[in-house]
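Quick look at work.txt (compact mmCIF, C-alpha atoms and all ligand atoms):
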# COMPACT_ATOMS: atom_id res chain seq x y z
CA MET A 1 22.06 50.76 -49.48
CA LYS A 2 23.58 48.97 -46.51
CA ILE A 3 26.25 50.85 -44.58
CA TYR A 4 28.55 48.77 -42.45
CA ILE A 5 29.47 50.38 -39.13
CA PRO A 6 31.86 48.21 -37.13
CA LYS A 7 31.38 47.73 -33.41
CA TRP A 8 33.51 49.88 -31.16
CA PRO A 9 35.66 49.26 -29.16
CA LYS A 10 37.30 46.78 -31.45
CA ILE A 11 38.06 43.35 -29.98
CA HIS A 12 41.59 41.98 -30.33
CA ILE A 13 42.04 38.32 -29.44
CA LYS A 14 45.62 38.98 -28.31
CA THR A 15 44.24 41.26 -25.58
CA VAL A 16 41.96 38.53 -24.26
CA PHE A 17 45.14 36.63 -23.37
CA THR A 18 46.87 39.72 -21.97
CA LEU A 19 43.86 40.29 -19.70
CA LEU A 20 43.70 36.66 -18.67
CA LYS A 21 47.39 36.64 -17.80
CA SER A 22 46.90 39.74 -15.73
CA TYR A 23 43.91 38.24 -13.93
CA LEU A 24 45.81 35.06 -13.13
CA ASN A 25 49.01 36.70 -11.92
CA GLY A 26 46.99 38.46 -9.20
CA TYR A 27 48.71 41.88 -9.35
CA TRP A 28 45.85 44.17 -10.30
CA SER A 29 46.71 47.71 -9.26
CA TRP A 30 49.28 50.54 -8.80
CA TYR A 31 51.99 50.43 -11.46
CA GLY A 32 51.87 46.77 -12.34
CA ARG A 33 53.58 45.31 -15.39
CA ASN A 34 50.83 46.40 -17.82
CA GLU A 35 50.73 49.96 -16.53
CA ILE A 36 54.50 50.33 -16.91
CA ARG A 37 54.20 48.91 -20.43
CA LEU A 38 51.38 51.35 -21.19
CA ILE A 39 53.04 54.51 -19.92
CA LYS A 40 56.23 53.73 -21.83
CA LYS A 41 54.34 53.16 -25.08
CA PHE A 42 51.85 56.00 -24.65
CA SER A 43 54.51 58.59 -23.81
CA LYS A 44 56.59 57.49 -26.82
CA LEU A 45 53.54 57.65 -29.11
CA HIS A 46 52.89 61.22 -27.97
CA THR A 47 56.58 62.29 -27.83
CA ALA A 48 56.22 63.14 -24.14
CA LYS A 49 58.66 62.39 -21.33
CA PHE A 50 55.93 61.29 -18.91
CA ALA A 51 52.54 59.61 -19.13
CA LEU A 52 50.42 59.14 -16.00
CA THR A 53 47.25 57.09 -15.88
CA THR A 54 44.17 58.29 -14.04
CA VAL A 55 40.42 57.73 -13.91
CA SER A 56 39.22 60.05 -16.70
CA ALA A 57 40.16 63.06 -18.83
CA THR A 58 37.96 65.14 -16.53
CA SER A 59 40.02 64.20 -13.49
CA ALA A 60 43.24 64.53 -15.53
CA MET A 61 42.37 68.17 -16.24
CA GLU A 62 41.48 68.81 -12.59
CA THR A 63 44.76 67.22 -11.46
CA ILE A 64 46.86 69.28 -13.90
CA LEU A 65 45.15 72.52 -12.85
CA GLN A 66 45.62 71.67 -9.19
CA ALA A 67 49.28 70.77 -9.71
CA LEU A 68 49.85 74.07 -11.53
CA ASN A 69 48.39 75.87 -8.51
CA ILE A 70 45.49 77.30 -10.51
CA GLY A 71 42.51 78.00 -8.28
CA LYS A 72 40.67 80.86 -6.59
CA ASP A 73 41.00 84.25 -8.31
CA CYS A 74 42.49 82.65 -11.43
CA GLU A 75 40.90 82.74 -14.88
CA VAL A 76 41.28 79.98 -17.46
CA ILE A 77 40.40 80.67 -21.10
CA VAL A 78 38.46 77.91 -22.78
CA SER A 79 36.60 77.29 -26.05
CA ALA A 80 32.85 77.82 -26.35
CA TYR A 81 32.61 74.62 -28.36
CA THR A 82 33.77 71.78 -26.14
CA TRP A 83 32.64 69.12 -23.71
CA ILE A 84 31.41 70.35 -20.33
CA SER A 85 34.23 68.75 -18.35
CA ASN A 86 36.60 71.56 -19.40
CA ILE A 87 34.31 73.84 -17.43
CA THR A 88 33.75 71.47 -14.49
CA ALA A 89 37.52 70.92 -14.10
CA ILE A 90 38.23 74.66 -14.02
CA SER A 91 35.35 75.32 -11.63
CA LYS A 92 36.20 72.39 -9.37
CA VAL A 93 39.63 73.87 -8.56
CA GLY A 94 37.93 77.20 -7.77
CA ALA A 95 39.03 79.07 -10.90
CA THR A 96 36.79 80.96 -13.33
CA PRO A 97 36.18 79.60 -16.84
CA VAL A 98 36.40 82.34 -19.47
CA ILE A 99 34.59 81.24 -22.60
CA VAL A 100 35.64 82.54 -26.01
CA ASP A 101 34.65 81.94 -29.61
CA ILE A 102 36.08 79.49 -32.13
CA ASN A 103 37.83 79.54 -35.46
CA PRO A 104 34.99 78.88 -37.96
CA ASN A 105 37.15 76.56 -40.07
CA THR A 106 38.86 74.28 -37.54
CA LEU A 107 36.16 74.72 -34.85
CA CYS A 108 38.95 74.99 -32.26
CA ILE A 109 39.51 77.99 -29.97
CA SER A 110 40.18 81.31 -31.78
CA CYS A 111 43.63 82.73 -30.98
CA GLU A 112 42.39 86.25 -31.71
CA LYS A 113 39.63 85.80 -29.11
CA ILE A 114 42.09 84.37 -26.57
CA ARG A 115 44.11 87.60 -26.80
CA GLU A 116 41.00 89.73 -26.26
CA ALA A 117 40.05 87.77 -23.12
CA ILE A 118 43.38 88.03 -21.27
CA THR A 119 43.33 89.96 -17.96
CA GLU A 120 45.76 90.13 -15.04
CA LYS A 121 43.85 87.18 -13.54
CA THR A 122 44.39 84.90 -16.54
CA LYS A 123 46.60 81.98 -15.58
CA ALA A 124 46.00 79.39 -18.28
CA ILE A 125 44.54 78.51 -21.66
CA MET A 126 42.79 75.17 -22.17
CA PRO A 127 42.50 74.44 -25.91
CA VAL A 128 40.58 71.37 -27.05
CA HIS A 129 41.62 69.47 -30.19
CA LEU A 130 37.95 69.29 -31.09
CA PHE A 131 36.84 66.24 -33.08
CA SER A 132 40.61 65.81 -33.71
CA ALA A 133 41.20 69.00 -35.71
CA MET A 134 44.04 70.34 -33.62
CA ALA A 135 44.01 73.79 -32.07
CA ASP A 136 46.50 76.33 -33.43
CA MET A 137 49.15 75.29 -30.91
CA GLU A 138 51.97 77.37 -32.38
CA GLU A 139 50.08 80.60 -31.85
CA ILE A 140 48.62 79.49 -28.51
CA MET A 141 52.12 78.76 -27.19
CA ASN A 142 53.30 82.18 -28.51
CA ILE A 143 50.48 83.87 -26.59
CA ALA A 144 51.26 81.81 -23.48
CA LYS A 145 54.91 82.85 -23.64
CA GLU A 146 54.03 86.50 -24.16
CA TYR A 147 51.66 86.60 -21.14
CA ASN A 148 53.34 83.95 -18.98
CA LEU A 149 50.35 81.59 -19.06
CA LYS A 150 50.10 77.84 -18.65
CA VAL A 151 48.56 75.72 -21.41
CA ILE A 152 46.64 72.48 -20.87
CA GLU A 153 45.59 70.56 -23.99
CA ASP A 154 42.33 68.63 -23.94
CA CYS A 155 43.34 65.64 -26.09
CA ALA A 156 40.19 63.55 -25.55
CA HIS A 157 39.71 63.43 -29.35
CA ALA A 158 43.36 63.30 -30.40
CA HIS A 159 44.98 59.95 -29.53
CA GLY A 160 47.99 59.42 -31.74
CA ALA A 161 47.72 62.88 -33.36
CA LEU A 162 50.84 64.85 -34.27
CA TYR A 163 51.36 68.58 -34.65
CA GLN A 164 54.68 69.66 -36.18
CA ASN A 165 55.60 66.01 -35.58
CA LYS A 166 55.09 66.35 -31.84
CA GLY A 167 52.44 64.32 -30.06
CA ALA A 168 49.14 65.78 -28.87
CA GLY A 169 49.54 66.80 -25.25
CA SER A 170 53.32 67.23 -25.50
CA LEU A 171 53.09 70.66 -27.10
CA SER A 172 52.15 72.50 -23.91
CA ASP A 173 52.56 72.17 -20.13
CA ALA A 174 50.41 69.04 -20.12
CA GLY A 175 47.72 67.18 -22.03
CA ALA A 176 44.70 65.19 -20.85
CA PHE A 177 43.42 62.09 -22.68
CA SER A 178 40.21 60.10 -22.21
CA PHE A 179 39.79 56.33 -22.56
CA GLN A 180 36.01 56.39 -22.21
CA GLN A 181 34.10 53.84 -24.32
CA SER A 182 33.75 55.87 -27.55
CA LYS A 183 37.32 57.20 -27.69
CA LEU A 184 40.01 56.23 -30.20
CA MET A 185 41.74 54.22 -27.50
CA SER A 186 39.46 52.86 -24.82
CA SER A 187 39.42 50.81 -21.66
CA GLY A 188 35.75 51.54 -20.96
CA GLU A 189 36.76 54.46 -18.74
CA GLY A 190 40.13 55.98 -17.86
CA GLY A 191 42.36 58.97 -18.49
CA MET A 192 46.00 59.91 -19.05
CA ILE A 193 48.15 62.94 -18.38
CA VAL A 194 51.18 63.56 -20.58
CA THR A 195 53.83 66.14 -19.85
CA ASN A 196 57.49 66.94 -20.45
CA ASN A 197 57.85 68.71 -17.11
CA PRO A 198 59.38 66.42 -14.43
CA GLN A 199 58.18 68.53 -11.49
CA LEU A 200 54.64 68.65 -12.84
CA ALA A 201 54.74 64.89 -13.45
CA VAL A 202 55.71 64.17 -9.82
CA THR A 203 53.03 66.50 -8.45
CA CYS A 204 50.30 65.06 -10.71
CA ASP A 205 51.41 61.50 -9.89
CA SER A 206 51.24 62.31 -6.16
CA ILE A 207 47.75 63.82 -6.50
CA ILE A 208 46.63 60.66 -8.30
CA HIS A 209 48.23 58.29 -5.73
CA ILE A 210 47.17 59.96 -2.47
CA GLY A 211 50.65 61.47 -1.96
CA TRP A 212 52.84 58.63 -3.26
CA SER A 213 54.77 58.87 -6.54
CA LEU A 214 56.67 56.41 -8.70
CA PHE A 215 59.28 59.12 -9.20
CA ASN A 216 60.07 59.64 -5.48
CA LYS A 217 62.44 57.19 -3.79
CA VAL A 218 60.69 57.74 -0.47
CA PRO A 219 57.16 59.14 0.07
CA ASN A 220 57.29 62.91 -0.34
CA PRO A 221 53.79 64.35 -0.83
CA PRO A 222 53.72 67.87 -2.29
CA LYS A 223 53.28 70.39 0.54
CA ASP A 224 49.71 71.58 1.09
CA ILE A 225 48.39 70.04 -2.11
CA ILE A 226 45.38 67.88 -1.33
CA CYS A 227 46.06 64.53 -2.93
CA SER A 228 43.41 62.05 -3.93
CA LYS A 229 43.09 58.48 -5.13
CA LEU A 230 42.48 58.42 -8.86
CA VAL A 231 44.44 55.35 -9.91
CA PHE A 232 44.04 52.87 -12.73
CA SER A 233 43.72 49.10 -12.63
CA GLU A 234 45.95 46.59 -14.41
CA PHE A 235 43.00 45.46 -16.53
CA GLN A 236 42.55 48.91 -18.06
CA ALA A 237 46.31 49.13 -18.59
CA ALA A 238 46.40 45.68 -20.23
CA ILE A 239 43.82 46.69 -22.85
CA LEU A 240 45.44 50.04 -23.57
CA ALA A 241 49.05 48.83 -23.66
CA ASP A 242 47.99 46.49 -26.47
CA SER A 243 46.04 49.27 -28.23
CA CYS A 244 49.21 51.35 -28.44
CA ASP A 245 50.36 48.72 -30.96
CA TYR A 246 47.29 49.22 -33.18
CA ILE A 247 46.65 52.96 -33.03
CA LYS A 248 49.12 54.08 -35.74
CA LYS A 249 47.77 51.60 -38.29
CA GLU A 250 44.17 52.45 -37.41
CA THR A 251 44.89 56.18 -37.65
CA GLN A 252 46.45 55.71 -41.07
CA LYS A 253 43.33 53.87 -42.24
CA ARG A 254 41.06 56.60 -40.85
CA ILE A 255 43.12 59.29 -42.60
CA GLU A 256 42.93 57.45 -45.94
CA ASN A 257 39.18 56.95 -45.67
CA ALA A 258 38.52 60.51 -44.47
CA ASN A 259 40.51 61.81 -47.44
CA LEU A 260 38.57 59.55 -49.78
CA LEU A 261 35.23 60.68 -48.34
CA GLU A 262 36.20 64.34 -48.70
CA PHE A 263 37.28 63.68 -52.28
CA LEU A 264 33.98 61.94 -53.12
CA LEU A 265 32.00 64.83 -51.61
CA LYS A 266 34.12 67.68 -52.97
CA ASP A 267 31.49 68.84 -55.47
CA VAL A 268 28.65 69.03 -52.95
CA ASP A 269 28.36 72.81 -52.61
CA ALA A 270 25.94 72.72 -49.70
CA ILE A 271 28.52 71.29 -47.32
CA ARG A 272 32.03 72.12 -46.16
CA PHE A 273 34.48 70.13 -44.01
CA GLN A 274 36.09 70.82 -40.66
CA GLU A 275 39.56 71.96 -41.67
CA THR A 276 42.74 70.29 -40.45
CA SER A 277 44.70 73.04 -38.75
CA LYS A 278 47.99 74.23 -40.18
CA GLY A 279 50.81 72.42 -38.41
CA THR A 280 48.94 69.11 -38.01
CA THR A 281 51.17 66.29 -39.23
CA ARG A 282 48.87 63.41 -38.27
CA ARG A 283 45.14 63.89 -37.69
CA SER A 284 43.44 61.17 -35.70
CA TYR A 285 39.81 61.59 -36.93
CA TYR A 286 37.68 61.00 -33.85
CA TYR A 287 34.85 62.24 -36.04
CA PHE A 288 34.46 62.97 -39.73
CA VAL A 289 32.77 66.38 -39.56
CA PHE A 290 30.93 68.30 -42.25
CA MET A 291 28.96 71.50 -41.97
CA LEU A 292 25.94 72.77 -43.83
CA ASN A 293 26.28 75.80 -46.04
CA TYR A 294 22.93 77.55 -45.63
CA ASP A 295 23.43 79.73 -48.71
CA LYS A 296 22.76 76.57 -50.68
CA ILE A 297 20.23 74.85 -48.42
CA LYS A 298 16.47 75.33 -48.81
CA GLN A 299 14.69 77.57 -46.32
CA ASN A 300 13.43 76.20 -42.98
CA VAL A 301 15.61 73.10 -43.14
CA SER A 302 17.38 72.22 -39.89
CA LYS A 303 20.42 70.01 -39.51
CA TYR A 304 18.16 67.57 -37.65
CA ASP A 305 16.09 67.02 -40.82
CA ILE A 306 19.30 65.98 -42.51
CA ILE A 307 20.58 63.85 -39.60
CA ASN A 308 17.22 62.03 -39.46
CA ASP A 309 17.28 61.37 -43.19
CA LEU A 310 20.88 60.10 -43.04
CA ARG A 311 19.86 57.71 -40.27
CA LYS A 312 16.81 56.55 -42.23
CA GLU A 313 19.18 55.75 -45.09
CA GLY A 314 21.25 53.61 -42.70
CA LEU A 315 24.06 56.10 -42.05
CA TYR A 316 24.40 56.86 -38.36
CA ALA A 317 25.22 60.57 -37.90
CA GLU A 318 25.43 62.71 -34.75
CA ASN A 319 24.86 66.36 -33.93
CA GLY A 320 28.28 67.10 -32.30
CA TRP A 321 26.53 68.01 -29.01
CA GLY A 322 24.32 70.43 -30.97
CA VAL A 323 25.07 73.37 -28.65
CA PRO A 324 27.95 75.43 -27.30
CA VAL A 325 29.12 74.30 -23.85
CA TYR A 326 27.12 76.89 -21.84
CA LYS A 327 23.85 75.65 -23.42
CA HIS A 328 24.52 72.01 -22.62
CA GLU A 329 21.87 70.22 -20.58
CA PHE A 330 24.44 69.52 -17.83
CA TRP A 331 25.34 73.21 -17.47
CA ASN A 332 24.66 74.41 -13.91
CA LEU A 333 26.80 77.52 -13.31
CA SER A 334 25.23 80.83 -12.24
CA SER A 335 26.27 83.84 -14.29
CA ASP A 336 28.73 85.11 -11.65
CA LYS A 337 30.68 81.83 -11.78
CA TYR A 338 32.01 82.22 -15.32
CA LYS A 339 32.77 84.83 -17.96
CA LYS A 340 31.60 84.61 -21.54
CA PHE A 341 32.63 86.72 -24.50
CA ASN A 342 30.69 86.92 -27.76
CA THR A 343 30.45 83.39 -29.11
CA ASP A 344 28.16 83.85 -32.12
CA ILE A 345 30.29 81.66 -34.37
CA ALA A 346 30.28 78.71 -31.95
CA GLU A 347 26.50 79.06 -31.49
CA LYS A 348 25.73 79.17 -35.18
CA ILE A 349 28.04 76.34 -36.15
CA SER A 350 27.30 73.96 -33.26
CA MET A 351 23.53 74.44 -33.34
CA ASN A 352 22.84 74.64 -37.06
CA GLU A 353 25.72 73.38 -39.12
CA VAL A 354 27.81 70.54 -37.66
CA ILE A 355 27.04 66.93 -38.58
CA CYS A 356 29.43 64.20 -37.37
CA LEU A 357 30.12 60.64 -38.44
CA PRO A 358 31.72 58.67 -35.58
CA HIS A 359 35.16 57.20 -36.28
CA PRO A 360 34.37 53.44 -36.62
CA ILE A 361 33.06 53.98 -40.15
CA LEU A 362 36.52 55.22 -41.15
CA LEU A 363 37.95 51.75 -40.47
CA THR A 364 35.87 50.13 -43.22
CA ASN A 365 36.60 49.44 -46.89
CA LYS A 366 36.47 51.77 -49.90
CA LYS A 367 33.13 50.41 -51.11
CA ASN A 368 31.54 51.25 -47.75
CA ILE A 369 33.02 54.75 -47.89
CA LYS A 370 31.68 55.19 -51.42
CA ASN A 371 28.22 54.10 -50.25
CA THR A 372 28.51 56.57 -47.36
CA ALA A 373 29.31 59.38 -49.80
CA ASP A 374 26.37 58.37 -52.01
CA ILE A 375 23.94 58.57 -49.09
CA ILE A 376 25.25 61.98 -48.01
CA LYS A 377 24.96 63.24 -51.62
CA LYS A 378 21.41 61.92 -51.95
CA VAL A 379 20.20 63.46 -48.68
CA ILE A 380 21.93 66.80 -49.20
CA LYS A 381 20.57 67.01 -52.76
CA LYS A 382 17.02 66.67 -51.41
CA TYR A 383 17.55 69.79 -49.27
CA THR A 384 19.61 71.84 -51.73
CA LYS A 385 18.02 74.95 -53.29
C1 LIG B 1 36.46 67.08 -25.65
C2 LIG B 1 36.32 66.23 -24.44
N1 LIG B 1 37.05 66.53 -23.36
C3 LIG B 1 36.98 65.79 -22.24
C4 LIG B 1 36.15 64.71 -22.15
C5 LIG B 1 36.04 63.97 -20.86
O1 LIG B 1 36.53 62.68 -20.89
P1 LIG B 1 36.22 61.68 -19.69
O2 LIG B 1 34.85 61.13 -19.92
O3 LIG B 1 37.29 60.65 -19.78
O4 LIG B 1 36.31 62.46 -18.43
C6 LIG B 1 35.36 64.34 -23.25
C7 LIG B 1 34.48 63.18 -23.19
O5 LIG B 1 33.71 62.87 -24.04
C8 LIG B 1 35.45 65.13 -24.42
O6 LIG B 1 34.70 64.85 -25.51
So, in terms of structure tokens, how does the structure I just supplied come out?
Amino acid sequence: MKIYIPKWPKIHIKTVFTLLKSYLNGYWSWYGRNEIRLIKKFSKLHTAKFALTTVSATSAMETILQALNIGKDCEVIVSAYTWISNITAISKVGATPVIVDINPNTLCISCEKIREAITEKTKAIMPVHLFSAMADMEEIMNIAKEYNLKVIEDCAHAHGALYQNKGAGSLSDAGAFSFQQSKLMSSGEGGMIVTNNPQLAVTCDSIIHIGWSLFNKVPNPPKDIICSKLVFSEFQAAILADSCDYIKKETQKRIENANLLEFLLKDVDAIRFQETSKGTTRRSYYYFVFMLNYDKIKQNVSKYDIINDLRKEGLYAENGWGVPVYKHEFWNLSSDKYKKFNTDIAEKISMNEVICLPHPILLTNKKNIKNTADIIKKVIKKYTK
């Protein structure tokens, strides 16, 4: 059976002309026409007052932490199941990452475990909307209010997502997006900060522009905050400003196909799906994620046996990093540089259970989705008790 997996990032002819126009007009940097177009569209899409471009989600998170004055002697609570740049951003500003377990259904940070990890040093929570299932933002914001904590959303997997009809990143103090090659909106590399807080926006903008900000009439760098140069180019902005016009339609298509795939696989007892968290009003589906139910799977079968078989059948599947963050091959922190609570759920699920289908497949037609379901059924059946 042939599975069609479209190339990503998707090429739009209109953008070829936008890029060409930008190249020819010779204004290539610092808040050019495309960047202004982008930040207007991106902030609107995510119901945020401000959107600020930067070089990556990693640097967006560092900038937000720095602007919030989070550093030495501060603790930031983070999920055990995430990309390593949550940890590097927290460590880079001199704060201590505090790693806690996940909710086994949504795979996002567990609110119960956040509460258990709070100390007088805790200054912030950094939830990740992992694989686009959004974190329980209502409860996280309740906890933050109760303990006077900042919240920074990692939205690298959540472009265009809505929670209680509010955009990802706009639910907290600030959100960080990635435009790296594989992401739902991409300019090869790049990042974005969204926030509703004007003061935070000016400080982040100044950090990004070596002390200058679009929002200051005259240069007014924030006192004693070390600014950097983390700016975007007009070419990245040109691509992304156009993508803002496509993202809603693409998201709708991914939702329809993800729902169809779940429906076609609903009777396969040996798998379960990553749940959409309560409160999510639009899920963006960076990945379609299913997990193995080992009560129904034959003994001594690993998820890699299944991933390999899916690939042999022509369905490209991934392991979702295959480890919790502190077991990642890039991990380099000594044990006194971070705190970790019991994270048995994140270990078990990330290492043994999670199988991911990257988002491009969700932009294909119903027949392709049906073929995808048939391959998953066939492979899972082979390993079912
Ligand atoms: C959950 C998550 N957060 C943050 C990032 C970092 O994004 P960037 O590569 O733009 O720094 C990634 C990148 O893959 C990610 O998956």
List every residue of chain A that has an atom at most 8 Å from any atom of ligand LIG 1 (chain B), and for each one report the closest atom pair and its distance in Å to one decimal, counting all atoms listed in the file, with rows sorted by chain and then by increasing residue number, as CSV.
residue,atom,partner,partner_atom,distance
A:Val55,CA,B:LIG1,O3,7.3
A:Ser56,CA,B:LIG1,O3,3.7
A:Ala57,CA,B:LIG1,O3,3.9
A:Thr58,CA,B:LIG1,O4,3.7
A:Ser59,CA,B:LIG1,O4,6.4
A:Ala60,CA,B:LIG1,O4,7.8
A:Thr82,CA,B:LIG1,C1,5.4
A:Trp83,CA,B:LIG1,C2,4.7
A:Ile84,CA,B:LIG1,C3,7.4
A:Ser85,CA,B:LIG1,C3,5.6
A:Asn86,CA,B:LIG1,N1,6.4
A:Val128,CA,B:LIG1,C1,6.1
A:His129,CA,B:LIG1,C1,7.3
A:Leu130,CA,B:LIG1,C1,6.1
A:Phe131,CA,B:LIG1,C1,7.5
A:Asp154,CA,B:LIG1,N1,5.7
A:Cys155,CA,B:LIG1,N1,6.9
A:Ala156,CA,B:LIG1,C2,4.8
A:His157,CA,B:LIG1,C1,6.1
A:Ala176,CA,B:LIG1,C3,7.9
A:Phe177,CA,B:LIG1,O3,6.9
A:Ser178,CA,B:LIG1,O3,3.8
A:Phe179,CA,B:LIG1,O3,5.7
A:Gln180,CA,B:LIG1,O3,5.1
A:Ser182,CA,B:LIG1,O5,7.8
A:Lys183,CA,B:LIG1,O5,7.6
A:Glu189,CA,B:LIG1,O3,6.3
A:Gly190,CA,B:LIG1,O3,5.8
A:Gly191,CA,B:LIG1,O3,5.5
Range 82-166 of chain A near range 334-337 of chain A within 9 Å: what's each residue's closest atom pair and its distance in Å to one decimal, counting only C-alpha atoms, ordered by chain then ascending residue number, as a Markdown table?
| residue | atom | partner | partner_atom | distance |
| --- | --- | --- | --- | --- |
| A:Ser91 | CA | A:Lys337 | CA | 8.0 |
| A:Ala95 | CA | A:Lys337 | CA | 8.8 |
| A:Thr96 | CA | A:Lys337 | CA | 6.4 |
| A:Pro97 | CA | A:Lys337 | CA | 7.8 |
Can I get the selected residues back with C-alpha atoms, as a CSV table (one decimal), in the coordinates of the input?
chain,number,residue,atom,x,y,z
A,91,SER,CA,35.4,75.3,-11.6
A,95,ALA,CA,39.0,79.1,-10.9
A,96,THR,CA,36.8,81.0,-13.3
A,97,PRO,CA,36.2,79.6,-16.8
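Shortest separation to Tyr294 in chain A among A:Lys223, A:Lys44, A:Lys385, A:Lys327 occurs at residue A:Lys385, atoms counted being only C-alpha atoms.
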Computed interatomic separation between CA of Thr15 in chain A and CA of Ile193 in chain A (Å): 23.2 Å
Residue list as a PyMOL selection string for point (53.7, 55.5, -30.9), cut-off 7 Å, only C-alpha atoms: chain A and resi 41-42+44-46+160+244+248
A:Thr18, A:Asn148, A:Thr63, A:Asn319 ranked by distance to Ile125 in chain A, top pick (using all atoms listed in the file):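 Result for the nearest residue to Ile125 in chain A: A:Asn148.
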Sel. within 7 Å of pt (60.1, 66.9, -21.1), counting only C-alpha atoms, output as number ranges by chain: A: 48-49, 195-198
Print the selection's residues with C-alpha atoms to a file, as a PDB file, keeping the file's coordinate frame.
ATOM      1  CA  ALA A  48      56.220  63.140 -24.140  1.00  0.00           C
ATOM      2  CA  LYS A  49      58.660  62.390 -21.330  1.00  0.00           C
ATOM      3  CA  THR A 195      53.830  66.140 -19.850  1.00  0.00           C
ATOM      4  CA  ASN A 196      57.490  66.940 -20.450  1.00  0.00           C
ATOM      5  CA  ASN A 197      57.850  68.710 -17.110  1.00  0.00           C
ATOM      6  CA  PRO A 198      59.380  66.420 -14.430  1.00  0.00           C
TER       7      PRO A 198
END
One-decimal distance in Å that lies between CA of Ser187 in chain A and CA of Lys7 in chain A: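 CA of Ser187 in chain A lies 14.6 Å from CA of Lys7 in chain A.
Excluding range 23-34 of chain A itself and same-chain residues fewer than 4 positions from it, the residues having an atom within 7 Å of it are Leu19, Leu38, Val231, Phe232, Ser233, Glu234, Phe235, Ala237, Ala238 and Ala241 of chain A, counting only C-alpha atoms.
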Gap from CA of Ser110 in chain A to CA of Arg254 in chain A - Å, one decimal: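 Pair CA of Ser110 in chain A / CA of Arg254 in chain A returns 26.3 Å.
Nearest residue to Asp295 in chain A, choosing from A:Arg272, A:Lys340, A:Lys312, A:Arg282 and counting all atoms listed in the file: A:Arg272.
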Residues within 12 Å of range 256-269 of chain A, all atoms listed in the file, excluding chain neighbours under 3 positions, as a ChimeraX atom specification: /A:249-253,272-276,282-297,357-385
Could you give me the centre and size, in Å to one decimal, of an axis-aligned box around all listed atoms of range 270-284 of chain A with 6 Å added on every side, as JSON?
{"center_x": 38.6, "center_y": 67.7, "center_z": -42.7, "size_x": 37.2, "size_y": 25.1, "size_z": 26.0}
Tell me, as an mmCIF file with C-alpha atoms, in the frame of the given file, which residues lie within 12 Å of Met141 in chain A, counting all atoms listed in the file; anything in the same chain fewer than 2 positions away does not count.
data_model
loop_
_atom_site.group_PDB
_atom_site.id
_atom_site.type_symbol
_atom_site.label_atom_id
_atom_site.label_comp_id
_atom_site.auth_asym_id
_atom_site.auth_seq_id
_atom_site.Cartn_x
_atom_site.Cartn_y
_atom_site.Cartn_z
ATOM 1 C CA CYS A 111 43.630 82.730 -30.980
ATOM 2 C CA ILE A 114 42.090 84.370 -26.570
ATOM 3 C CA ARG A 115 44.110 87.600 -26.800
ATOM 4 C CA ALA A 124 46.000 79.390 -18.280
ATOM 5 C CA ILE A 125 44.540 78.510 -21.660
ATOM 6 C CA MET A 126 42.790 75.170 -22.170
ATOM 7 C CA PRO A 127 42.500 74.440 -25.910
ATOM 8 C CA ALA A 135 44.010 73.790 -32.070
ATOM 9 C CA ASP A 136 46.500 76.330 -33.430
ATOM 10 C CA MET A 137 49.150 75.290 -30.910
ATOM 11 C CA GLU A 138 51.970 77.370 -32.380
ATOM 12 C CA GLU A 139 50.080 80.600 -31.850
ATOM 13 C CA ILE A 143 50.480 83.870 -26.590
ATOM 14 C CA ALA A 144 51.260 81.810 -23.480
ATOM 15 C CA LYS A 145 54.910 82.850 -23.640
ATOM 16 C CA GLU A 146 54.030 86.500 -24.160
ATOM 17 C CA TYR A 147 51.660 86.600 -21.140
ATOM 18 C CA ASN A 148 53.340 83.950 -18.980
ATOM 19 C CA LEU A 149 50.350 81.590 -19.060
ATOM 20 C CA LYS A 150 50.100 77.840 -18.650
ATOM 21 C CA VAL A 151 48.560 75.720 -21.410
ATOM 22 C CA ILE A 152 46.640 72.480 -20.870
ATOM 23 C CA GLU A 153 45.590 70.560 -23.990
ATOM 24 C CA SER A 170 53.320 67.230 -25.500
ATOM 25 C CA LEU A 171 53.090 70.660 -27.100
ATOM 26 C CA SER A 172 52.150 72.500 -23.910
ATOM 27 C CA ASP A 173 52.560 72.170 -20.130
#
Counting all atoms listed in the file, the option among A:Ile77, A:Val100, A:Ile208, A:Ile13 closest to Asn342 in chain A: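 The answer is A:Val100, which sits nearest to Asn342 in chain A.
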Among listed residues A:Val16, A:Ile3, A:Ala80, A:Val194, nearest Ile39 in chain A (using all atoms listed in the file): A:Val194
